[in-house]
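Asks: Questions regarding the structure given below will be posed in turn.
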Amino acid sequence: MTPFDTHPAGVFPAGLQDRKIMPSPLEIIGARKAFRTPEGGTMTALDGISLRLASAEFVTLLGPSGCGKTTLLRTISGFETLDAGDVLIDGTAVTQMPAHRRPVNTVFQRYALFGHMSVARNVGYALEIAGRDKREIRMRVGEMLELVGLTGMEKRSIAQLSGGQQQRVALARALAGKPKLLLLDEPLSALDKNLRQKMQQELKALQRELGIGFIFVTHDQEEALTMSDRIAVLAHGRIQQIGAPAELYQTPANLFTADFLGESNLLPVTLDGSAAQLADGQGFAAVRPAGKATLLLRPEVLSATAPERPGLSFTGVIRETYYTGTDHQVSLETGTFGTIRALLRTGNALPGIGSTLTLHAPAEGLHLIDEVAP
Amino acid sequence: MSLARRKFLQLLGLLGAPTVFLLVFFFGPLLIMLVYSFLTPGLYGGVDWIFSHLNYGRILGWADTRYEKFDPVYIAIFLRSLRLAALTVLASLLVCYPAAFWISRMRPGLRDFAIFLVTLPFFVSLIVRLFAWVLILRPTGFLNQGLMGLGLTDAPIEFLYTDFAVILGMTYVFIPFMFLPLYGSIEKLDMAQIEASSDLGATRLQTFRKVILPATMPGIVGGSVITFIPALGNFIVPSVLGGAKVLMIGNLIEQQFLSARNWPFGSALAMLVMTAVLVLLIAQFRLAGREERS
């Protein structure tokens, strides 16, 4: 691992590593892009984004709509040109290369399958364009359909397929030309929940099997956590944080990431250099520069029984509870901190709504963010 | 009242009037023409009720040898009409396809205005518009004066009363007919498919050939048919811009009814045009049906 991979904002000074020796499947350096709005203003879609794939990774670009994730994907595929910055694929700059010459393929959000062609012609399109001979195309199409579980569907028309099958055809079509990198633009958003979860697992398995990089765009944080080797959280045209799913979830670097990924309780704390103090006087050890910060408490670190290592505790009145099978979702009304949400394992009896409850957080479940919540 | 009866009455109320209208004023006259085409022309116009197949014979080759030898002039006129109509379709297609593409990519307000402009000529009488073309094309017209003024030619070029003038005039008249069906299918074109094609390695030309053209084929076929049919039977454009030199089948039919007073022969010509159009329509439906199935 190079020192750059752990850089918090994902900004790598250009030229510091030798791209010829260890070419990265994808490298984006200082990408900037602004659009003119119809009202005459400008909208910054990409505000200096740098990103490097260490190997054939599954990287998810995660963010709310309008954060620039789709624009970033389109600069990789070649449908948008950058105002500044560079895109390198396998160590070769493709910034000025038109889309049809780039060695990447895309699975589009609404599949964009060719309605007037059969499944086989859709899947074989890249090879047909490249002028391969018919037998080779037929074999490759067969292989691809087998890969996505649609063996024998060559002759079907696109209109005869279900949404899930169309999704698989789109995937097979994008992979048939052996791209060096596969780009996926919210490909699962049109599927129902069960199918989506199944496809998530299949996509991850497929990426491992093929050994090429996948860049996956989504606004669904659960999807991102499930599938990715690394997640890049985007907002306002910048990468807020990039890292492994567990790292981002447990130790987010900023409030945006903490809030966007999963449920969170954010409590203001005051630091004095060696300890942190909450508004109600509770404290815990924290060696950090003095000032103000925010404590992140994930709902599942809280429990109704006191831990062995003393941590924090919060007493309040139960306002709402929801039973989900494995957990109780509890909203606890505390005087000082407002509502605190907790996820408690079922199995232990839970007091009813309106009764008083004390929740405990172990010392190892506390994570500080050097930002002040608004 | 039973549900089926109610449905039947509803259908009758909605479709009864147009059905009766079409039967009386469209199919009736057509039937009369079909019958007339097998009768003998009366001495002073009208028909004599004597069966004759010679009206068709005169066109297709079994002329009444007692009076005249077979003259293929009518077949020649029919073939010329087919050729001019086909060239009109081609010219309209070449004008309308890029225009429809361009207009479909405009922002909505401008786009609606552009479509309004395409249909604007309908608001002015056809005769007035065609005589405007006479003023442009005649030897002392704007076009020739312009060409001579630029020194591109010394003497005026004969534009008027040529095939060129007729094709130009018909293209001009039928552009909205071609444009609207084309626009309909081009507007529905999925931009993501064009991007997908490019993403999979196709150049712009390949994308046009393999994705855009097949996807807009219904509009091309629809526009072509709806332009070809009225162009084939048109008689106003060739009589104004073609004069006596460029006679089309429509002019011939008009002459038989209005000046030659040979209604049976005119009817026979009209029936042949209709048969040609019907064959074309059936072929198109067959083709469209096969495309949908495959």
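Numbering starts fresh at 1 for the residues of each chain in the structure tokens, the chains themselves are lettered A, B, ... in the order given, and ligands are numbered from 1 as they appear.
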Might you pull out every residue within 12 Å of region 121-127 of chain B, with only C-alpha atoms counted and same-chain residues fewer than 2 positions away left off, and present them as a list of chain:residue names?
Replies: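 The residues satisfying every condition are B:Ile115, B:Phe116, B:Leu117, B:Val118, B:Thr119, B:Arg129, B:Leu130, B:Phe131, B:Ala132, B:Trp133, B:Val134, B:Gly169, B:Met170, B:Tyr172, B:Val173, B:Phe174, B:Ile175, B:Pro176, B:Phe177, B:Phe235, B:Ile236, B:Val237, B:Pro238, B:Ser239, B:Val240, B:Leu241.
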Asks: Quick one: pick out all strand (DSSP E or B) residues within region 154-256 of chain A from a backbone DSSP run and write them as a PyMOL selection string.
Replies: chain A and resi 157+181-185+213-218+230-235+238-243
Asks: What does the file look like for those residues with N, CA and C atoms, as a short mmCIF file (atom, residue, chain, number, x, y, z; two decimals), in the first residue's frame?
Replies:
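Result file is part.cif:
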```cif
data_model
loop_
_atom_site.label_atom_id
_atom_site.label_comp_id
_atom_site.auth_asym_id
_atom_site.auth_seq_id
_atom_site.Cartn_x
_atom_site.Cartn_y
_atom_site.Cartn_z
N SER A 157 -36.12 -11.29 -28.12
CA SER A 157 -36.06 -9.85 -28.33
C SER A 157 -36.04 -9.18 -26.96
N LEU A 181 -11.98 -1.99 -17.61
CA LEU A 181 -12.65 -1.41 -16.46
C LEU A 181 -14.13 -1.41 -16.76
N LEU A 182 -14.94 -1.80 -15.80
CA LEU A 182 -16.39 -1.76 -16.01
C LEU A 182 -17.00 -0.65 -15.18
N LEU A 183 -17.79 0.19 -15.84
CA LEU A 183 -18.45 1.29 -15.14
C LEU A 183 -19.93 0.95 -15.01
N LEU A 184 -20.47 1.14 -13.80
CA LEU A 184 -21.88 0.80 -13.58
C LEU A 184 -22.60 2.01 -13.00
N ASP A 185 -23.57 2.52 -13.74
CA ASP A 185 -24.27 3.74 -13.35
C ASP A 185 -25.61 3.39 -12.73
N GLY A 213 -11.31 -3.96 -12.69
CA GLY A 213 -11.87 -2.97 -11.78
C GLY A 213 -13.31 -2.67 -12.12
N PHE A 214 -14.14 -2.52 -11.09
CA PHE A 214 -15.52 -2.09 -11.26
C PHE A 214 -15.66 -0.72 -10.59
N ILE A 215 -16.21 0.25 -11.31
CA ILE A 215 -16.57 1.52 -10.69
C ILE A 215 -18.08 1.58 -10.68
N PHE A 216 -18.63 1.61 -9.47
CA PHE A 216 -20.07 1.46 -9.30
C PHE A 216 -20.62 2.74 -8.70
N VAL A 217 -21.61 3.33 -9.37
CA VAL A 217 -22.21 4.56 -8.87
C VAL A 217 -23.54 4.23 -8.21
N THR A 218 -23.74 4.74 -7.00
CA THR A 218 -25.05 4.54 -6.35
C THR A 218 -25.30 5.64 -5.34
N ARG A 230 -13.77 -0.62 -1.71
CA ARG A 230 -13.63 0.72 -1.13
C ARG A 230 -14.80 1.58 -1.58
N ILE A 231 -15.17 2.51 -0.73
CA ILE A 231 -16.24 3.46 -1.05
C ILE A 231 -15.65 4.85 -1.08
N ALA A 232 -15.98 5.62 -2.11
CA ALA A 232 -15.64 7.03 -2.13
C ALA A 232 -16.94 7.80 -1.91
N VAL A 233 -17.02 8.50 -0.78
CA VAL A 233 -18.22 9.28 -0.49
C VAL A 233 -18.06 10.66 -1.12
N LEU A 234 -18.99 11.00 -2.00
CA LEU A 234 -18.91 12.27 -2.71
C LEU A 234 -19.99 13.23 -2.25
N ALA A 235 -19.62 14.50 -2.14
CA ALA A 235 -20.62 15.55 -1.92
C ALA A 235 -20.04 16.85 -2.43
N ARG A 238 -16.73 16.93 -4.39
CA ARG A 238 -15.48 16.51 -3.76
C ARG A 238 -15.62 15.13 -3.15
N ILE A 239 -14.47 14.44 -3.05
CA ILE A 239 -14.49 13.19 -2.30
C ILE A 239 -14.37 13.54 -0.83
N GLN A 240 -15.42 13.21 -0.06
CA GLN A 240 -15.42 13.52 1.36
C GLN A 240 -14.52 12.55 2.11
N GLN A 241 -14.57 11.30 1.70
CA GLN A 241 -13.73 10.29 2.32
C GLN A 241 -13.71 9.07 1.43
N ILE A 242 -12.56 8.38 1.42
CA ILE A 242 -12.50 7.14 0.66
C ILE A 242 -11.86 6.07 1.53
N GLY A 243 -12.43 4.88 1.53
CA GLY A 243 -11.87 3.83 2.36
C GLY A 243 -12.73 2.58 2.32
#
```
Asks: Write down, as a ChimeraX atom specification, each residue of chain B that has any atom within 12 Å of an atom of chain A, counting only C-alpha atoms.
Replies: /B:107,189-207,209-218,291-294
Asks: Assign secondary structure with DSSP using the backbone only, and return the residues of region 41-277 of chain B in alpha helix (DSSP H) as a VMD selection string.
Replies: chain B and resid 54 to 60 73 to 104 108 to 119 126 to 137 142 to 149 163 to 187 191 to 199 204 to 207 213 to 215 217 to 233 236 to 237 249 to 258 263 to 277
Asks: When you look at region 33-46 of chain B with a cut-off of 7 Å (counting only C-alpha atoms), what residues show up, excluding the ones that are within fewer than 5 positions of it in the same chain? I need them as a PyMOL selection string.
Replies: chain B and resi 51-53+55+261-265+267-268+271
Asks: Give me, please, the distance in Å between CA of Val141 (chain A) and CA of Ala159 (chain A), quoted to one decimal.
Replies: 18.8 Å
Asks: Fewer than 6 positions away in the same chain doesn't count, so skip those; otherwise give me all residues within 8 Å of Leu271 (chain A), counting only C-alpha atoms, as a list in words.
Replies: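 What passes the distance filter is Gln277, Ala286, Arg288, Pro289, Ala290, Gly291, Lys292 and Ala293 of chain A.
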Asks: For the atom pair CA of Leu350 (chain A) and CA of Arg298 (chain A), what is the interatomic distance in Å to one decimal place?
Replies: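 These atoms are spaced 19.4 Å apart.
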Asks: Please report the interatomic distance between CA of Tyr74 (chain B) and CA of Val225 (chain B) in Å with one decimal.
Replies: 23.4 Å
Asks: Determine, counting only C-alpha atoms, which protein, DNA and RNA residues have an atom within 6 Å of an atom of region 154-161 of chain B; residues of the same chain fewer than 5 positions away are not included. Present the result as a list in words.
Replies: Leu137, Arg138, Pro139, Asn144, Met148, Leu241, Gly242 and Gly243 of chain B
Asks: Please produce, as JSON lines, a per-residue contact table for region 59-159 of chain B versus region 246-256 of chain B (criterion: any atom at most 10 Å away, only C-alpha atoms considered), showing the nearest atom pair and its distance in Å to one decimal, sorted by chain then residue number.
Replies:
```
{"residue": "B:Tyr74", "atom": "CA", "partner": "B:Ile249", "partner_atom": "CA", "distance": 8.1}
{"residue": "B:Ile75", "atom": "CA", "partner": "B:Ile249", "partner_atom": "CA", "distance": 9.4}
{"residue": "B:Ala76", "atom": "CA", "partner": "B:Ile249", "partner_atom": "CA", "distance": 9.6}
{"residue": "B:Ile77", "atom": "CA", "partner": "B:Met248", "partner_atom": "CA", "distance": 5.9}
{"residue": "B:Phe78", "atom": "CA", "partner": "B:Ile249", "partner_atom": "CA", "distance": 5.6}
{"residue": "B:Leu79", "atom": "CA", "partner": "B:Ile249", "partner_atom": "CA", "distance": 8.9}
{"residue": "B:Arg80", "atom": "CA", "partner": "B:Met248", "partner_atom": "CA", "distance": 6.9}
{"residue": "B:Ser81", "atom": "CA", "partner": "B:Met248", "partner_atom": "CA", "distance": 5.2}
{"residue": "B:Leu82", "atom": "CA", "partner": "B:Met248", "partner_atom": "CA", "distance": 9.0}
{"residue": "B:Leu84", "atom": "CA", "partner": "B:Met248", "partner_atom": "CA", "distance": 8.7}
{"residue": "B:Ala85", "atom": "CA", "partner": "B:Met248", "partner_atom": "CA", "distance": 9.8}
```
Asks: I'd like the contact shell of Glu27 (chain A) - 6 Å cut-off, only C-alpha atoms, skipping same-chain residues fewer than 6 positions apart - returned as a VMD selection string.
Replies: chain A and resid 51 to 52 87 to 88
Asks: For the selection just defined, write its residues with C-alpha atoms to a file, as a compact mmCIF listing (two decimals), in the first residue's frame.
Replies:
```txt
# COMPACT_ATOMS: atom_id res chain seq x y z
CA LEU A 51 -8.80 8.87 -7.13
CA ARG A 52 -6.56 5.89 -7.70
CA VAL A 87 -7.91 10.43 -16.49
CA LEU A 88 -5.47 7.52 -16.84
```
Asks: Near Leu53 (chain A), counting only C-alpha atoms, which residues have an atom at most 9 Å away, once you skip same-chain residues fewer than 2 positions from it, shown as a list of chain:residue names?
Replies: A:Asp5, A:Ser24, A:Pro25, A:Leu26, A:Glu27, A:Leu51, A:Ser55, A:Ala56, A:Glu57, A:Phe58, A:Val59, A:Gly213
